[in-house]
Amino acid sequence: MTSEKLIRSYQQKCHKNYIAAIGLPDNYTYIDGNPIRPVPPVQTALRGLMIIGAYPSARFERRASRTRPKSYRTIPIANNLQPFGYEQYFDGLAVRTLTSAVGLNDYLFKNLQNVKFTTSWITDLVKVFLYKEEHVEACKDVNPNSKVLKTRNRFDEFAGKSVSWIREEYQLCQPKLIITLGEEVARVLSGDKTSSADKLLSQEIQHPKLLEESATLFLPHPDACRRSEKWRKRLESAMPIINKQLNSK
């Protein structure tokens, strides 16, 4: 079977089986009943850079609050199209942009040599949107009959059940370098539960057993870089290492 067919087979399997595999119910939905589906990798370039985020965001909409006059609540209503894909859309009040996609470009891809979003393998460890407490509260404010489930607090559980899926993607991609984004992903894939974030998200290439000892950099998430100069500088300082690794033969 060709690489393209193997990748398509994996995407189809993920779409069909992932929800049950990590222990979520079949009726895991957005507020209006739109099903929350897995978001498999769409950018699937081989033997180059593999990027692993935590979990996908969602498309959001602003709706009138029932309890706060003249106020609006921001609620998730639909899947993103792909991991870290650039998206702009109208949310009911204004145009909204997926900030993590912008950050990945601004803080990473703009500083890479001969590597683009479309020439990389881009994925998330957990492949479904997860509801934070604030999302559940907003949904119940908009619709008191809302039955959305708080799931963000179960990230570690879902991540552990997702490692086999990431390992399968690794086998397909065979990357020169893996970059993980954010502390949570780094802890799951490194197995390091005790080191500080400063130590964990270092500029040194690691070789985690869960990723078959492939060259891996545990780096800050673009959203953290947007908020913190410390993490921006940390990511910037890793660029020579990334470029050297990706341009090696």
# chains A, B, ... in the order shown; residues from 1 in each chain; ligands from 1

call {"tool": "closest_atom_pairs", "arguments": {"of": "range 172-216 of chain A", "to": "range 112-120 of chain A", "cutoff": "12 Å", "atoms": "only C-alpha atoms", "output": "JSON lines"}}
result
{"residue": "A:Cys173", "atom": "CA", "partner": "A:Ser120", "partner_atom": "CA", "distance": 9.2}
{"residue": "A:Gln174", "atom": "CA", "partner": "A:Ser120", "partner_atom": "CA", "distance": 11.3}
{"residue": "A:Pro175", "atom": "CA", "partner": "A:Ser120", "partner_atom": "CA", "distance": 9.0}
{"residue": "A:Lys176", "atom": "CA", "partner": "A:Ser120", "partner_atom": "CA", "distance": 10.6}
{"residue": "A:Leu177", "atom": "CA", "partner": "A:Ser120", "partner_atom": "CA", "distance": 10.2}
{"residue": "A:Ile178", "atom": "CA", "partner": "A:Ser120", "partner_atom": "CA", "distance": 10.2}
{"residue": "A:Ile179", "atom": "CA", "partner": "A:Ser120", "partner_atom": "CA", "distance": 10.8}

call {"tool": "residues_around", "arguments": {"residues": "range 78-81 of chain A", "least_positions_apart": "2", "cutoff": "8 Å", "atoms": "only C-alpha atoms", "output": "list in words"}}
result
Tyr30, Asn34, Pro35, Ile36, Arg37, Val39, Pro56, Ser57, Ala58, Arg59, Phe60, Pro76, Pro83, Gly85 and Phe129 of chain A

call {"tool": "select_by_dssp", "arguments": {"residues": "range 17-207 of chain A", "states": "strand (DSSP E or B)", "output": "VMD selection string"}}
result
chain A and resid 29 35 44 49 to 53 58 to 64 72 to 79 88 to 90 95 to 97 120 to 124 177 to 181 206

call {"tool": "select_by_dssp", "arguments": {"residues": "range 10-240 of chain A", "states": "helix (DSSP H, G or I)", "output": "PyMOL selection string"}}
result
chain A and resi 10-21+99-107+109-111+117-119+133-142+152-173+183-190+197-200+209-211+222-227+229-237+239-240

call {"tool": "write_last_selection", "arguments": {"atoms": "C-alpha atoms", "output": "JSON list (two decimals), in the first residue's frame"}}
result
[["chain", "number", "residue", "atom", "x", "y", "z"],
["A", 10, "TYR", "CA", -5.36, 6.10, 9.26],
["A", 11, "GLN", "CA", -7.48, 9.26, 8.88],
["A", 12, "GLN", "CA", -10.57, 7.17, 8.23],
["A", 13, "LYS", "CA", -9.87, 4.94, 11.22],
["A", 14, "CYS", "CA", -9.37, 7.99, 13.42],
["A", 15, "HIS", "CA", -12.65, 9.52, 12.25],
["A", 16, "LYS", "CA", -14.55, 6.29, 12.88],
["A", 17, "ASN", "CA", -12.96, 4.84, 16.02],
["A", 18, "TYR", "CA", -11.16, 7.53, 18.01],
["A", 19, "ILE", "CA", -14.09, 8.79, 20.13],
["A", 20, "ALA", "CA", -14.86, 5.33, 21.49],
["A", 21, "ALA", "CA", -11.17, 4.46, 21.86],
["A", 99, "THR", "CA", -4.91, 32.55, 17.31],
["A", 100, "SER", "CA", -2.91, 29.33, 17.72],
["A", 101, "ALA", "CA", -2.58, 29.05, 13.94],
["A", 102, "VAL", "CA", -1.32, 32.63, 13.70],
["A", 103, "GLY", "CA", 1.08, 32.02, 16.59],
["A", 104, "LEU", "CA", 2.49, 28.84, 15.07],
["A", 105, "ASN", "CA", 3.30, 30.77, 11.90],
["A", 106, "ASP", "CA", 4.64, 33.88, 13.64],
["A", 107, "TYR", "CA", 6.78, 32.18, 16.28],
["A", 109, "PHE", "CA", 7.42, 28.79, 10.67],
["A", 110, "LYS", "CA", 8.55, 32.34, 9.87],
["A", 111, "ASN", "CA", 11.91, 31.48, 11.44],
["A", 117, "PHE", "CA", 3.15, 24.44, 7.29],
["A", 118, "THR", "CA", 2.29, 22.50, 4.14],
["A", 119, "THR", "CA", 5.58, 20.55, 4.16],
["A", 133, "GLU", "CA", -15.62, 24.83, 32.88],
["A", 134, "GLU", "CA", -16.11, 28.29, 31.36],
["A", 135, "HIS", "CA", -17.48, 26.74, 28.16],
["A", 136, "VAL", "CA", -19.99, 24.64, 30.10],
["A", 137, "GLU", "CA", -21.09, 27.69, 32.11],
["A", 138, "ALA", "CA", -21.51, 29.79, 28.96],
["A", 139, "CYS", "CA", -23.53, 27.08, 27.21],
["A", 140, "LYS", "CA", -25.88, 26.71, 30.20],
["A", 141, "ASP", "CA", -26.33, 30.48, 30.32],
["A", 142, "VAL", "CA", -27.33, 30.56, 26.66],
["A", 152, "ARG", "CA", -10.85, 19.53, 29.77],
["A", 153, "ASN", "CA", -10.10, 18.22, 33.25],
["A", 154, "ARG", "CA", -9.71, 14.71, 31.75],
["A", 155, "PHE", "CA", -6.90, 15.70, 29.37],
["A", 156, "ASP", "CA", -4.32, 13.42, 30.99],
["A", 157, "GLU", "CA", -6.70, 10.44, 30.74],
["A", 158, "PHE", "CA", -7.46, 11.09, 27.08],
["A", 159, "ALA", "CA", -3.81, 11.83, 26.30],
["A", 160, "GLY", "CA", -2.70, 8.52, 27.76],
["A", 161, "LYS", "CA", -5.22, 6.71, 25.58],
["A", 162, "SER", "CA", -4.02, 8.68, 22.56],
["A", 163, "VAL", "CA", -0.34, 7.74, 22.71],
["A", 164, "SER", "CA", -0.87, 4.69, 20.49],
["A", 165, "TRP", "CA", -2.48, 6.94, 17.86],
["A", 166, "ILE", "CA", 0.50, 9.32, 17.91],
["A", 167, "ARG", "CA", 2.88, 6.38, 17.64],
["A", 168, "GLU", "CA", 1.00, 5.22, 14.55],
["A", 169, "GLU", "CA", 1.33, 8.69, 13.05],
["A", 170, "TYR", "CA", 5.03, 8.65, 13.86],
["A", 171, "GLN", "CA", 5.40, 5.37, 11.98],
["A", 172, "LEU", "CA", 3.70, 6.89, 8.96],
["A", 173, "CYS", "CA", 5.62, 10.18, 9.06],
["A", 183, "GLU", "CA", 3.88, 21.57, 28.96],
["A", 184, "GLU", "CA", 1.06, 19.01, 29.03],
["A", 185, "VAL", "CA", 2.08, 17.26, 25.82],
["A", 186, "ALA", "CA", 5.71, 17.27, 26.90],
["A", 187, "ARG", "CA", 4.86, 15.61, 30.22],
["A", 188, "VAL", "CA", 2.80, 12.86, 28.60],
["A", 189, "LEU", "CA", 5.31, 12.00, 25.89],
["A", 190, "SER", "CA", 8.44, 12.38, 28.01],
["A", 197, "ALA", "CA", 8.19, 23.73, 33.00],
["A", 198, "ASP", "CA", 11.43, 25.71, 32.61],
["A", 199, "LYS", "CA", 13.48, 22.53, 32.65],
["A", 200, "LEU", "CA", 11.03, 20.45, 30.65],
["A", 209, "LYS", "CA", 10.98, 6.08, 24.47],
["A", 210, "LEU", "CA", 7.31, 6.63, 23.65],
["A", 211, "LEU", "CA", 8.41, 8.10, 20.30],
["A", 222, "PRO", "CA", 2.35, 29.45, 20.52],
["A", 223, "ASP", "CA", -0.37, 30.78, 22.86],
["A", 224, "ALA", "CA", 2.19, 30.87, 25.69],
["A", 225, "CYS", "CA", 4.62, 32.69, 23.39],
["A", 226, "ARG", "CA", 1.94, 35.27, 22.60],
["A", 227, "ARG", "CA", 1.43, 35.96, 26.31],
["A", 229, "GLU", "CA", 8.30, 37.16, 26.41],
["A", 230, "LYS", "CA", 10.15, 34.41, 28.29],
["A", 231, "TRP", "CA", 8.55, 31.68, 26.19],
["A", 232, "ARG", "CA", 8.95, 33.68, 22.98],
["A", 233, "LYS", "CA", 12.68, 33.91, 23.63],
["A", 234, "ARG", "CA", 12.80, 30.21, 24.53],
["A", 235, "LEU", "CA", 11.27, 29.28, 21.18],
["A", 236, "GLU", "CA", 13.50, 31.74, 19.30],
["A", 237, "SER", "CA", 16.61, 30.27, 20.90],
["A", 239, "MET", "CA", 15.56, 27.89, 15.96],
["A", 240, "PRO", "CA", 19.23, 27.12, 15.14]]

call {"tool": "atom_distance", "arguments": {"atom1": "CA of Pro144 in chain A", "atom2": "CA of Arg63 in chain A"}}
result
13.4 Å

call {"tool": "atom_distance", "arguments": {"atom1": "CA of Phe84 in chain A", "atom2": "CA of Pro38 in chain A"}}
result
13.8 Å

call {"tool": "residues_around", "arguments": {"residues": "Gln82 in chain A", "least_positions_apart": "4", "cutoff": "10 Å", "atoms": "only C-alpha atoms", "output": "JSON list (two decimals) with C-alpha atoms, in the first residue's frame"}}
result
[["chain", "number", "residue", "atom", "x", "y", "z"],
["A", 38, "PRO", "CA", -11.94, 13.85, 15.81],
["A", 39, "VAL", "CA", -9.67, 16.28, 13.94],
["A", 40, "PRO", "CA", -7.05, 14.06, 12.28],
["A", 41, "PRO", "CA", -3.91, 15.46, 10.64],
["A", 42, "VAL", "CA", -4.50, 17.01, 7.22],
["A", 43, "GLN", "CA", -0.96, 18.28, 6.64],
["A", 56, "PRO", "CA", -7.91, 21.14, 18.79],
["A", 57, "SER", "CA", -9.80, 24.33, 19.48],
["A", 86, "TYR", "CA", -5.53, 29.25, 9.60],
["A", 87, "GLU", "CA", -9.23, 30.12, 9.97],
["A", 122, "ILE", "CA", 0.76, 18.73, 11.92],
["A", 123, "THR", "CA", -1.31, 16.94, 14.56],
["A", 124, "ASP", "CA", -2.65, 17.00, 18.12],
["A", 127, "LYS", "CA", -7.88, 14.77, 18.69]]

call {"tool": "closest_residue", "arguments": {"among": "A:Lys193, A:Lys147, A:His221, A:Lys244", "to": "Asp32 in chain A", "atoms": "only C-alpha atoms"}}
result
A:Lys147

call {"tool": "atom_distance", "arguments": {"atom1": "CA of Thr44 in chain A", "atom2": "CA of Ile22 in chain A"}}
result
22.7 Å
